[in-house]
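As structure tokens, the structure follows; a few thoughts come after it.
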Amino acid sequence: MGIPLLDLRAQYQTMKEDIDRAILEVLDTSVFILGPQVKALEKEIAEFCGTKEAVAVGNGTDALMLTLKAMGIGAGDEVITTPFTFFASAETISQVGATPVFADIDPVTLNMDLEQLEKKVTPRTKAVIAVHIFGQMLDVERLMEIAQRYQLKVIEDAAQAIGAEYRGRKAGSIGDAATFSFFPTKNLGAYGDGGMIVSNDAALAAELRMLRFHGCQTKYYHEKIGYNSRLDEIQAAILRVKLRYLDGWNQARREKARIYDEALADMPLILPGRDPQALPVYHLYVLRAPERQALMERLAAAGIASAIYYPLPLHLQKAYSGLGYRQGDFLAAEEACRQALAIPCYPELTLEQQQNIIQTVRNA
Ligand SMILES: *Cc1c(COP(=O)(O)O)cnc(C)c1O
């Protein structure tokens, strides 16, 4: 039997009764949109992050796009982000009519290099979308210093980092706002799409509540042009059950990562680079292998899944050919795209499976 990159069926088996009951309860009450489950989840996520506000939306991409909108960012504005992330981190900047500006990554942590960020600030720069890549937070203290100096809004894209910390402060609690994705494969995943924005800014949260619901405060009275982007009650009920397990899962991921770190330390690989101030949640365990293709093939032959994150940096995507970037513009991101490989590192991975993966990597 093979080893997948993530085993959502195994996870479901560990909490099947609770999940099934939560879903049936929603069916019983038959309130499906913006009801008590969403409200309760918002409260629980705000508590979990230590923020005053949380606003549930349709997915993590909308969480970013709506936050940019609510901050009044649009045509003529620039927003800086990393080229080494999922497309949505930049796509949403374009969706609101602003221009994404990329800053290269730090080759150790693969998070945005803050020196490079500072070099990209212009009078048009309004905000930074700071991605905590693979579940390790970037240096948010230095980031906030830079942001204050240039009066930039900070949006933490914490889609991969729910529960992560930086010097004891939770991902999502530091920027002007932060966004989460509940895509099924994220550390806290729904059984469908979902997203959330957290913030300490009550006015921003009120604006987001209007934007997600057709610009309404009161149904059928539209204050502005909005969207339809809501988390549904069934997903919220599922997420409330799963939230109770999240700390344990993140701890289990860290334990698996530690085992890899030790067992592979002497190999000609680059293991995930750690910022000693960061407590990561290993959304993915991404190593870098100069001979990536060969390693992938050896793993596949042994029935072990692996995946490339990410094959192409954002500045070289066809969709962004109009921005005028070229190969060679962001060397660290480009090299990461040539070498990065995620291997299975999920809570239900057994010791035996992990030993099998370690042996296969070592033999390759
Ligand atoms: C998953 C992800 C998103 C988008 O979330 P969706 O819920 O899939 O829309 C945004 N940013 C990052 C870094 C992600 O990993």
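Following the order of the structure tokens, chains are lettered A, B, ..., residues in each are numbered from 1, and ligands are numbered from 1.
Near Gly2 (chain A), within 12 Å and counting only C-alpha atoms, sit Asp7, Leu299, Ala300, Ala301, Ala302, Gly303, Ile304, Ala305, Ser306, Pro344, Leu349, Gln353, Gln354, Asn356 and Ile357 of chain A, not including residues fewer than 5 positions from it in the same chain.
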Those residues you just picked out, can you put them in a file as a compact mmCIF listing (two decimals), in the first residue's frame with N, CA, C and O atoms?
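Result went into out-v8.txt, see below:
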```txt
# COMPACT_ATOMS: atom_id res chain seq x y z
N ASP A 7 -3.29 12.18 4.22
CA ASP A 7 -4.29 11.11 4.27
C ASP A 7 -5.56 11.59 4.97
O ASP A 7 -5.74 11.39 6.17
N LEU A 299 11.07 7.61 -5.05
CA LEU A 299 9.96 7.60 -4.10
C LEU A 299 8.71 6.99 -4.75
O LEU A 299 8.05 6.13 -4.16
N ALA A 300 8.43 7.41 -5.97
CA ALA A 300 7.24 6.92 -6.67
C ALA A 300 7.33 5.40 -6.86
O ALA A 300 6.34 4.68 -6.67
N ALA A 301 8.52 4.92 -7.19
CA ALA A 301 8.70 3.47 -7.39
C ALA A 301 8.42 2.70 -6.10
O ALA A 301 7.98 1.55 -6.13
N ALA A 302 8.66 3.34 -4.95
CA ALA A 302 8.40 2.70 -3.66
C ALA A 302 6.96 2.99 -3.18
O ALA A 302 6.61 2.67 -2.04
N GLY A 303 6.15 3.61 -4.02
CA GLY A 303 4.76 3.89 -3.66
C GLY A 303 4.61 5.07 -2.72
O GLY A 303 3.62 5.17 -2.01
N ILE A 304 5.60 5.98 -2.70
CA ILE A 304 5.55 7.12 -1.79
C ILE A 304 5.29 8.39 -2.60
O ILE A 304 6.03 8.71 -3.53
N ALA A 305 4.26 9.10 -2.23
CA ALA A 305 3.91 10.33 -2.94
C ALA A 305 4.86 11.46 -2.55
O ALA A 305 5.33 11.53 -1.41
N SER A 306 5.15 12.33 -3.49
CA SER A 306 5.89 13.56 -3.22
C SER A 306 5.36 14.59 -4.20
O SER A 306 4.70 14.22 -5.17
N PRO A 344 5.76 13.26 2.48
CA PRO A 344 4.63 13.13 3.42
C PRO A 344 5.00 13.51 4.85
O PRO A 344 6.01 13.04 5.37
N LEU A 349 0.57 9.93 9.75
CA LEU A 349 1.68 9.16 9.21
C LEU A 349 2.26 8.29 10.34
O LEU A 349 2.62 8.81 11.40
N GLN A 353 5.64 3.93 8.48
CA GLN A 353 5.60 4.58 7.16
C GLN A 353 6.75 5.58 7.04
O GLN A 353 7.41 5.67 6.01
N GLN A 354 6.97 6.33 8.12
CA GLN A 354 8.01 7.35 8.04
C GLN A 354 9.39 6.72 7.89
O GLN A 354 10.23 7.22 7.15
N ASN A 356 10.03 3.96 6.42
CA ASN A 356 10.05 3.52 5.03
C ASN A 356 10.45 4.69 4.11
O ASN A 356 11.30 4.54 3.22
N ILE A 357 9.86 5.87 4.36
CA ILE A 357 10.19 7.05 3.54
C ILE A 357 11.66 7.42 3.74
O ILE A 357 12.39 7.67 2.77
```
Which protein, DNA or RNA residues have an atom within 10 Å of ligand 1, counting only C-alpha atoms and all ligand atoms, as a compact mmCIF listing (two decimals) with N, CA and C atoms, in the first residue's frame?
```txt
# COMPACT_ATOMS: atom_id res chain seq x y z
N VAL A 57 -15.48 33.65 5.16
CA VAL A 57 -15.82 33.89 3.75
C VAL A 57 -15.70 32.58 2.97
N GLY A 58 -15.92 32.68 1.65
CA GLY A 58 -16.06 31.48 0.82
C GLY A 58 -14.80 30.66 0.65
N ASN A 59 -13.64 31.29 0.68
CA ASN A 59 -12.37 30.57 0.48
C ASN A 59 -11.22 31.51 0.83
N GLY A 60 -10.02 30.98 0.84
CA GLY A 60 -8.85 31.77 1.22
C GLY A 60 -8.48 32.84 0.21
N THR A 61 -8.80 32.59 -1.04
CA THR A 61 -8.54 33.57 -2.09
C THR A 61 -9.44 34.79 -1.89
N ASP A 62 -10.73 34.55 -1.69
CA ASP A 62 -11.65 35.66 -1.42
C ASP A 62 -11.26 36.40 -0.14
N ALA A 63 -10.75 35.67 0.84
CA ALA A 63 -10.33 36.33 2.09
C ALA A 63 -9.28 37.40 1.77
N LEU A 64 -8.34 37.08 0.90
CA LEU A 64 -7.32 38.07 0.50
C LEU A 64 -7.94 39.19 -0.33
N MET A 65 -8.71 38.80 -1.33
CA MET A 65 -9.27 39.80 -2.25
C MET A 65 -10.18 40.78 -1.50
N THR A 82 5.60 37.84 -2.30
CA THR A 82 6.67 36.93 -2.69
C THR A 82 6.33 36.23 -4.01
N PHE A 84 7.32 33.24 -4.51
CA PHE A 84 7.36 31.81 -4.18
C PHE A 84 6.21 31.49 -3.23
N THR A 85 5.02 31.32 -3.82
CA THR A 85 3.80 31.10 -3.06
C THR A 85 2.75 30.56 -4.01
N PHE A 86 1.58 30.23 -3.46
CA PHE A 86 0.46 29.88 -4.31
C PHE A 86 -0.02 31.14 -5.04
N PHE A 87 -0.51 30.95 -6.25
CA PHE A 87 -0.86 32.05 -7.15
C PHE A 87 -1.78 33.10 -6.51
N ALA A 88 -2.68 32.65 -5.64
CA ALA A 88 -3.70 33.55 -5.07
C ALA A 88 -3.08 34.74 -4.33
N SER A 89 -1.90 34.56 -3.76
CA SER A 89 -1.26 35.65 -3.01
C SER A 89 -1.05 36.88 -3.90
N ALA A 90 -0.81 36.66 -5.18
CA ALA A 90 -0.64 37.78 -6.11
C ALA A 90 -1.90 38.02 -6.94
N GLU A 91 -2.57 36.95 -7.31
CA GLU A 91 -3.77 37.04 -8.15
C GLU A 91 -4.79 38.02 -7.59
N THR A 92 -4.96 37.98 -6.27
CA THR A 92 -5.97 38.82 -5.63
C THR A 92 -5.60 40.30 -5.71
N ILE A 129 1.55 41.73 1.19
CA ILE A 129 0.94 40.44 1.52
C ILE A 129 2.08 39.52 1.92
N ALA A 130 2.15 39.27 3.23
CA ALA A 130 3.26 38.50 3.80
C ALA A 130 2.81 37.06 3.97
N VAL A 131 3.38 36.17 3.18
CA VAL A 131 2.99 34.76 3.21
C VAL A 131 3.87 34.01 4.20
N HIS A 132 3.26 33.22 5.07
CA HIS A 132 4.04 32.34 5.97
C HIS A 132 4.17 30.99 5.27
N ILE A 133 5.21 30.86 4.46
CA ILE A 133 5.23 29.74 3.52
C ILE A 133 5.48 28.40 4.21
N PHE A 134 4.71 27.43 3.84
CA PHE A 134 4.77 26.04 4.34
C PHE A 134 4.51 25.97 5.85
N GLY A 135 4.03 27.07 6.44
CA GLY A 135 3.67 27.03 7.86
C GLY A 135 4.70 27.61 8.80
N GLU A 156 -1.27 39.37 6.53
CA GLU A 156 -0.62 38.07 6.63
C GLU A 156 -1.44 37.06 5.82
N ASP A 157 -0.80 36.45 4.82
CA ASP A 157 -1.44 35.32 4.14
C ASP A 157 -1.03 34.08 4.93
N ALA A 158 -1.90 33.72 5.88
CA ALA A 158 -1.59 32.63 6.81
C ALA A 158 -2.31 31.35 6.40
N ALA A 159 -2.59 31.22 5.10
CA ALA A 159 -3.31 30.04 4.60
C ALA A 159 -2.63 28.73 5.01
N GLN A 160 -1.31 28.77 5.11
CA GLN A 160 -0.57 27.53 5.41
C GLN A 160 -0.10 27.51 6.87
N ALA A 161 -0.51 28.49 7.66
CA ALA A 161 0.17 28.69 8.95
C ALA A 161 -0.76 28.83 10.14
N THR A 179 -5.32 36.29 6.70
CA THR A 179 -6.29 35.44 6.02
C THR A 179 -5.91 33.97 6.18
N PHE A 180 -6.94 33.14 6.31
CA PHE A 180 -6.76 31.70 6.37
C PHE A 180 -7.57 31.05 5.25
N SER A 181 -7.10 29.90 4.84
CA SER A 181 -7.84 29.07 3.90
C SER A 181 -8.21 27.78 4.60
N PHE A 182 -9.44 27.32 4.36
CA PHE A 182 -9.85 26.02 4.88
C PHE A 182 -9.98 25.01 3.74
N PHE A 183 -9.25 25.24 2.67
CA PHE A 183 -9.16 24.23 1.60
C PHE A 183 -8.86 22.88 2.27
N PRO A 184 -9.45 21.79 1.75
CA PRO A 184 -9.37 20.51 2.48
C PRO A 184 -7.95 20.08 2.88
N THR A 185 -6.95 20.44 2.11
CA THR A 185 -5.59 19.95 2.42
C THR A 185 -4.83 20.86 3.38
N LYS A 186 -5.42 21.97 3.78
CA LYS A 186 -4.71 22.86 4.72
C LYS A 186 -4.70 22.23 6.12
N GLY A 189 -8.62 21.96 7.57
CA GLY A 189 -9.30 21.88 6.28
C GLY A 189 -10.76 21.53 6.42
N ALA A 190 -11.60 22.20 5.62
CA ALA A 190 -13.02 21.87 5.56
C ALA A 190 -13.21 20.67 4.63
N GLY A 192 -14.69 21.00 1.79
CA GLY A 192 -15.08 21.84 0.67
C GLY A 192 -14.26 23.10 0.79
N ASP A 193 -14.71 24.19 0.20
CA ASP A 193 -13.97 25.45 0.29
C ASP A 193 -14.37 26.25 1.52
N GLY A 194 -13.45 27.08 1.98
CA GLY A 194 -13.75 27.98 3.09
C GLY A 194 -12.57 28.89 3.35
N GLY A 195 -12.86 30.02 3.99
CA GLY A 195 -11.78 30.96 4.32
C GLY A 195 -12.19 31.85 5.48
N MET A 196 -11.22 32.59 6.01
CA MET A 196 -11.49 33.46 7.18
C MET A 196 -10.50 34.61 7.17
N HIS A 283 2.87 22.84 7.37
CA HIS A 283 1.83 22.55 6.38
C HIS A 283 2.39 21.56 5.37
```
Review point. Can you list, as a PyMOL selection string, every residue of region 27-84 of chain A that DSSP puts in strand (DSSP E or B)?
Key: chain A and resi 33+53-57+78-81
Hey, can you spit out that residue selection with N, CA and C atoms as a short mmCIF file (atom, residue, chain, number, x, y, z; two decimals), in the first residue's frame?
```cif
data_model
loop_
_atom_site.label_atom_id
_atom_site.label_comp_id
_atom_site.auth_asym_id
_atom_site.auth_seq_id
_atom_site.Cartn_x
_atom_site.Cartn_y
_atom_site.Cartn_z
N ILE A 33 -26.85 29.04 5.72
CA ILE A 33 -25.98 30.18 5.38
C ILE A 33 -26.00 31.20 6.52
N GLU A 53 -11.56 40.23 16.03
CA GLU A 53 -12.55 39.98 14.98
C GLU A 53 -12.16 38.79 14.12
N ALA A 54 -13.17 38.09 13.60
CA ALA A 54 -12.96 37.08 12.58
C ALA A 54 -14.17 37.09 11.66
N VAL A 55 -13.93 37.03 10.37
CA VAL A 55 -15.01 37.08 9.38
C VAL A 55 -14.83 35.90 8.42
N ALA A 56 -15.81 35.02 8.40
CA ALA A 56 -15.73 33.83 7.55
C ALA A 56 -16.19 34.16 6.13
N VAL A 57 -15.48 33.65 5.16
CA VAL A 57 -15.82 33.89 3.75
C VAL A 57 -15.70 32.58 2.97
N GLU A 78 0.29 49.73 -5.58
CA GLU A 78 1.18 48.57 -5.65
C GLU A 78 1.11 47.80 -4.33
N VAL A 79 1.17 46.49 -4.44
CA VAL A 79 1.20 45.63 -3.25
C VAL A 79 2.36 44.65 -3.44
N ILE A 80 3.21 44.57 -2.43
CA ILE A 80 4.40 43.72 -2.53
C ILE A 80 4.12 42.35 -1.93
N THR A 81 4.56 41.31 -2.64
CA THR A 81 4.46 39.96 -2.11
C THR A 81 5.62 39.12 -2.62
#
```
**Study point:** Residue contacts of Leu208 (chain A) (8 Å, only C-alpha atoms) excluding same-chain residues fewer than 5 positions away, as an MDAnalysis selection string
**Key:** chainID A and resid 55 66:67 70
Please identify the alpha helix (DSSP H) residues within region 42-208 of chain A (assignment by DSSP from backbone atoms) and present them as a JSON list (two decimals) with N, CA and C atoms, in the first residue's frame.
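Written output follows (selection_4.json):
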```
[["chain", "number", "residue", "atom", "x", "y", "z"],
["A", 42, "GLU", "N", -16.41, 31.77, 13.99],
["A", 42, "GLU", "CA", -15.71, 33.07, 13.96],
["A", 42, "GLU", "C", -15.19, 33.42, 15.35],
["A", 43, "LYS", "N", -16.03, 33.20, 16.34],
["A", 43, "LYS", "CA", -15.62, 33.50, 17.72],
["A", 43, "LYS", "C", -14.44, 32.61, 18.14],
["A", 44, "GLU", "N", -14.54, 31.34, 17.80],
["A", 44, "GLU", "CA", -13.50, 30.39, 18.21],
["A", 44, "GLU", "C", -12.17, 30.66, 17.51],
["A", 45, "ILE", "N", -12.23, 31.04, 16.24],
["A", 45, "ILE", "CA", -10.99, 31.32, 15.50],
["A", 45, "ILE", "C", -10.36, 32.62, 16.03],
["A", 46, "ALA", "N", -11.19, 33.61, 16.31],
["A", 46, "ALA", "CA", -10.66, 34.86, 16.88],
["A", 46, "ALA", "C", -9.97, 34.57, 18.21],
["A", 47, "GLU", "N", -10.59, 33.74, 19.04],
["A", 47, "GLU", "CA", -9.97, 33.37, 20.32],
["A", 47, "GLU", "C", -8.68, 32.61, 20.10],
["A", 48, "PHE", "N", -8.71, 31.69, 19.16],
["A", 48, "PHE", "CA", -7.53, 30.86, 18.86],
["A", 48, "PHE", "C", -6.35, 31.75, 18.45],
["A", 49, "CYS", "N", -6.64, 32.79, 17.65],
["A", 49, "CYS", "CA", -5.57, 33.66, 17.14],
["A", 49, "CYS", "C", -5.26, 34.81, 18.10],
["A", 60, "GLY", "N", -10.02, 30.98, 0.84],
["A", 60, "GLY", "CA", -8.85, 31.77, 1.22],
["A", 60, "GLY", "C", -8.48, 32.84, 0.21],
["A", 61, "THR", "N", -8.80, 32.59, -1.04],
["A", 61, "THR", "CA", -8.54, 33.57, -2.09],
["A", 61, "THR", "C", -9.44, 34.79, -1.89],
["A", 62, "ASP", "N", -10.73, 34.55, -1.69],
["A", 62, "ASP", "CA", -11.65, 35.66, -1.42],
["A", 62, "ASP", "C", -11.26, 36.40, -0.14],
["A", 63, "ALA", "N", -10.75, 35.67, 0.84],
["A", 63, "ALA", "CA", -10.33, 36.33, 2.09],
["A", 63, "ALA", "C", -9.28, 37.40, 1.77],
["A", 64, "LEU", "N", -8.34, 37.08, 0.90],
["A", 64, "LEU", "CA", -7.32, 38.07, 0.50],
["A", 64, "LEU", "C", -7.94, 39.19, -0.33],
["A", 65, "MET", "N", -8.71, 38.80, -1.33],
["A", 65, "MET", "CA", -9.27, 39.80, -2.25],
["A", 65, "MET", "C", -10.18, 40.78, -1.50],
["A", 66, "LEU", "N", -11.04, 40.25, -0.64],
["A", 66, "LEU", "CA", -11.98, 41.11, 0.09],
["A", 66, "LEU", "C", -11.23, 42.01, 1.08],
["A", 67, "THR", "N", -10.16, 41.51, 1.66],
["A", 67, "THR", "CA", -9.37, 42.34, 2.58],
["A", 67, "THR", "C", -8.73, 43.51, 1.83],
["A", 68, "LEU", "N", -8.16, 43.23, 0.66],
["A", 68, "LEU", "CA", -7.59, 44.31, -0.14],
["A", 68, "LEU", "C", -8.67, 45.35, -0.48],
["A", 69, "LYS", "N", -9.85, 44.85, -0.89],
["A", 69, "LYS", "CA", -10.98, 45.73, -1.21],
["A", 69, "LYS", "C", -11.37, 46.58, 0.00],
["A", 70, "ALA", "N", -11.50, 45.91, 1.13],
["A", 70, "ALA", "CA", -11.95, 46.60, 2.34],
["A", 70, "ALA", "C", -10.93, 47.64, 2.79],
["A", 88, "ALA", "N", -2.68, 32.65, -5.64],
["A", 88, "ALA", "CA", -3.70, 33.55, -5.07],
["A", 88, "ALA", "C", -3.08, 34.74, -4.33],
["A", 89, "SER", "N", -1.90, 34.56, -3.76],
["A", 89, "SER", "CA", -1.26, 35.65, -3.01],
["A", 89, "SER", "C", -1.05, 36.88, -3.90],
["A", 90, "ALA", "N", -0.81, 36.66, -5.18],
["A", 90, "ALA", "CA", -0.64, 37.78, -6.11],
["A", 90, "ALA", "C", -1.90, 38.02, -6.94],
["A", 91, "GLU", "N", -2.57, 36.95, -7.31],
["A", 91, "GLU", "CA", -3.77, 37.04, -8.15],
["A", 91, "GLU", "C", -4.79, 38.02, -7.59],
["A", 92, "THR", "N", -4.96, 37.98, -6.27],
["A", 92, "THR", "CA", -5.97, 38.82, -5.63],
["A", 92, "THR", "C", -5.60, 40.30, -5.71],
["A", 93, "ILE", "N", -4.30, 40.60, -5.74],
["A", 93, "ILE", "CA", -3.86, 41.99, -5.92],
["A", 93, "ILE", "C", -4.33, 42.47, -7.29],
["A", 94, "SER", "N", -4.17, 41.61, -8.29],
["A", 94, "SER", "CA", -4.63, 41.95, -9.64],
["A", 94, "SER", "C", -6.16, 42.03, -9.70],
["A", 95, "GLN", "N", -6.82, 41.14, -8.97],
["A", 95, "GLN", "CA", -8.30, 41.14, -8.99],
["A", 95, "GLN", "C", -8.88, 42.48, -8.57],
["A", 114, "LEU", "N", 13.21, 40.39, 3.69],
["A", 114, "LEU", "CA", 12.70, 41.71, 4.06],
["A", 114, "LEU", "C", 13.60, 42.85, 3.57],
["A", 115, "GLU", "N", 14.87, 42.56, 3.31],
["A", 115, "GLU", "CA", 15.72, 43.58, 2.71],
["A", 115, "GLU", "C", 15.26, 43.85, 1.27],
["A", 116, "GLN", "N", 14.94, 42.78, 0.58],
["A", 116, "GLN", "CA", 14.43, 42.91, -0.79],
["A", 116, "GLN", "C", 13.09, 43.64, -0.79],
["A", 117, "LEU", "N", 12.27, 43.32, 0.18],
["A", 117, "LEU", "CA", 10.97, 43.99, 0.30],
["A", 117, "LEU", "C", 11.17, 45.50, 0.39],
["A", 118, "GLU", "N", 12.07, 45.90, 1.26],
["A", 118, "GLU", "CA", 12.27, 47.34, 1.47],
["A", 118, "GLU", "C", 12.72, 48.04, 0.19],
["A", 119, "LYS", "N", 13.52, 47.34, -0.60],
["A", 119, "LYS", "CA", 13.99, 47.92, -1.87],
["A", 119, "LYS", "C", 12.87, 48.12, -2.88],
["A", 140, "VAL", "N", 8.00, 38.69, 11.58],
["A", 140, "VAL", "CA", 6.91, 39.67, 11.58],
["A", 140, "VAL", "C", 7.29, 40.94, 12.34],
["A", 141, "GLU", "N", 8.25, 40.83, 13.25],
["A", 141, "GLU", "CA", 8.63, 42.03, 14.00],
["A", 141, "GLU", "C", 9.34, 43.02, 13.09],
["A", 142, "ARG", "N", 10.30, 42.50, 12.33],
["A", 142, "ARG", "CA", 10.99, 43.38, 11.39],
["A", 142, "ARG", "C", 10.03, 43.85, 10.28],
["A", 143, "LEU", "N", 9.16, 42.96, 9.86],
["A", 143, "LEU", "CA", 8.18, 43.35, 8.84],
["A", 143, "LEU", "C", 7.33, 44.52, 9.32],
["A", 144, "MET", "N", 6.84, 44.47, 10.55],
["A", 144, "MET", "CA", 5.97, 45.53, 11.06],
["A", 144, "MET", "C", 6.74, 46.85, 11.19],
["A", 145, "GLU", "N", 8.02, 46.75, 11.54],
["A", 145, "GLU", "CA", 8.86, 47.95, 11.61],
["A", 145, "GLU", "C", 8.94, 48.63, 10.24],
["A", 146, "ILE", "N", 9.23, 47.82, 9.23],
["A", 146, "ILE", "CA", 9.34, 48.36, 7.86],
["A", 146, "ILE", "C", 7.99, 48.94, 7.44],
["A", 147, "ALA", "N", 6.92, 48.20, 7.73],
["A", 147, "ALA", "CA", 5.59, 48.65, 7.32],
["A", 147, "ALA", "C", 5.25, 49.99, 7.97],
["A", 148, "GLN", "N", 5.62, 50.14, 9.25],
["A", 148, "GLN", "CA", 5.33, 51.39, 9.93],
["A", 148, "GLN", "C", 6.12, 52.55, 9.32],
["A", 149, "ARG", "N", 7.38, 52.27, 9.01],
["A", 149, "ARG", "CA", 8.25, 53.31, 8.45],
["A", 149, "ARG", "C", 7.67, 53.85, 7.14],
["A", 150, "TYR", "N", 7.10, 52.97, 6.31],
["A", 150, "TYR", "CA", 6.59, 53.40, 5.00],
["A", 150, "TYR", "C", 5.07, 53.50, 4.98],
["A", 202, "ALA", "N", -12.14, 46.73, 14.06],
["A", 202, "ALA", "CA", -13.59, 46.49, 14.01],
["A", 202, "ALA", "C", -14.22, 47.10, 12.75],
["A", 203, "ALA", "N", -13.71, 48.25, 12.31],
["A", 203, "ALA", "CA", -14.27, 48.89, 11.12],
["A", 203, "ALA", "C", -13.97, 48.05, 9.88],
["A", 204, "LEU", "N", -12.76, 47.52, 9.83],
["A", 204, "LEU", "CA", -12.40, 46.65, 8.69],
["A", 204, "LEU", "C", -13.29, 45.41, 8.68],
["A", 205, "ALA", "N", -13.52, 44.82, 9.85],
["A", 205, "ALA", "CA", -14.35, 43.62, 9.94],
["A", 205, "ALA", "C", -15.79, 43.93, 9.49],
["A", 206, "ALA", "N", -16.30, 45.08, 9.88],
["A", 206, "ALA", "CA", -17.66, 45.46, 9.48],
["A", 206, "ALA", "C", -17.75, 45.60, 7.96],
["A", 207, "GLU", "N", -16.72, 46.20, 7.38],
["A", 207, "GLU", "CA", -16.68, 46.35, 5.92],
["A", 207, "GLU", "C", -16.65, 44.97, 5.25],
["A", 208, "LEU", "N", -15.85, 44.06, 5.81],
["A", 208, "LEU", "CA", -15.75, 42.71, 5.24],
["A", 208, "LEU", "C", -17.08, 41.98, 5.34]]
```
Check your understanding: How many Å separate CA of Asp232 (chain A) from CA of Leu34 (chain A)?
Key -> 6.6 Å
Check your understanding: What separation in Å, quoted to one decimal, exists between CA of Gln355 (chain A) and CA of Ala307 (chain A)?
Key -> 18.8 Å
Practice item. Pick out the residues sitting within 8 Å of Phe330 (chain A), and hand them over as a PyMOL selection string; count only C-alpha atoms, and ignore anything fewer than 3 positions along from it in its own chain. Key: chain A and resi 83+103-105+327+333-334
File dump, residues just selected, N, CA and C atoms, as a compact mmCIF listing (two decimals), in the first residue's frame:
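result.txt written:
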```
# COMPACT_ATOMS: atom_id res chain seq x y z
N PRO A 83 7.32 35.93 -4.82
CA PRO A 83 7.04 35.15 -6.04
C PRO A 83 6.99 33.65 -5.76
N ALA A 103 9.13 40.58 -4.40
CA ALA A 103 10.43 40.71 -3.74
C ALA A 103 10.94 39.30 -3.49
N ASP A 104 12.21 39.07 -3.79
CA ASP A 104 12.77 37.72 -3.74
C ASP A 104 12.74 37.15 -2.32
N ILE A 105 12.99 35.86 -2.22
CA ILE A 105 12.88 35.16 -0.93
C ILE A 105 14.25 34.97 -0.29
N GLN A 327 13.27 35.73 -16.46
CA GLN A 327 14.08 34.70 -15.80
C GLN A 327 15.35 35.37 -15.28
N ALA A 333 14.09 32.49 -5.55
CA ALA A 333 12.79 31.86 -5.82
C ALA A 333 12.90 30.87 -6.98
N GLU A 334 13.67 31.25 -7.98
CA GLU A 334 13.80 30.37 -9.15
C GLU A 334 14.52 29.08 -8.77
```
Exercise for review: Fewer than 2 positions away in the same chain doesn't count, so skip those; otherwise give me all residues within 9 Å of Leu271 (chain A), counting only C-alpha atoms, as a VMD selection string.
Suggested key: chain A and resid 260 to 261 264 to 265 269 273 285 to 289
Please save N, CA, C and O atoms of the selected residues as a compact mmCIF listing (two decimals), in the first residue's frame.
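So the final result, stored in again.txt, reads:
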```txt
# COMPACT_ATOMS: atom_id res chain seq x y z
N TYR A 260 12.43 13.58 10.59
CA TYR A 260 13.08 13.76 9.29
C TYR A 260 14.39 14.54 9.43
O TYR A 260 15.41 14.19 8.85
N ASP A 261 14.31 15.65 10.19
CA ASP A 261 15.48 16.52 10.34
C ASP A 261 16.69 15.71 10.83
O ASP A 261 17.80 15.88 10.35
N LEU A 264 17.78 12.68 8.24
CA LEU A 264 18.28 13.06 6.91
C LEU A 264 19.39 14.10 6.97
O LEU A 264 19.85 14.58 5.93
N ALA A 265 19.83 14.43 8.20
CA ALA A 265 20.78 15.54 8.36
C ALA A 265 22.07 15.34 7.58
O ALA A 265 22.67 16.31 7.11
N LEU A 269 21.13 16.93 0.94
CA LEU A 269 19.85 17.59 0.70
C LEU A 269 19.85 18.86 1.53
O LEU A 269 20.56 18.94 2.53
N GLY A 273 14.69 25.11 6.24
CA GLY A 273 15.47 26.08 7.01
C GLY A 273 14.62 26.70 8.11
O GLY A 273 13.48 27.09 7.88
N TYR A 285 6.35 19.55 4.54
CA TYR A 285 7.79 19.37 4.83
C TYR A 285 8.50 19.40 3.48
O TYR A 285 8.41 18.45 2.70
N VAL A 286 9.13 20.52 3.21
CA VAL A 286 9.71 20.74 1.88
C VAL A 286 11.22 20.73 1.98
O VAL A 286 11.81 21.63 2.58
N LEU A 287 11.83 19.71 1.39
CA LEU A 287 13.29 19.69 1.33
C LEU A 287 13.70 20.12 -0.07
O LEU A 287 12.88 20.23 -0.98
N ARG A 288 14.97 20.40 -0.22
CA ARG A 288 15.47 20.75 -1.54
C ARG A 288 16.53 19.75 -1.97
O ARG A 288 17.44 19.44 -1.20
N ALA A 289 16.32 19.22 -3.15
CA ALA A 289 17.19 18.18 -3.68
C ALA A 289 17.74 18.62 -5.03
O ALA A 289 16.97 18.88 -5.95
```
**Study point:** Straight-line distance linking CA of Glu291 (chain A) with CA of Leu351 (chain A), stated in Å to one decimal
**Key:**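 Going from CA of Glu291 (chain A) over to CA of Leu351 (chain A), I get 26.0 Å.
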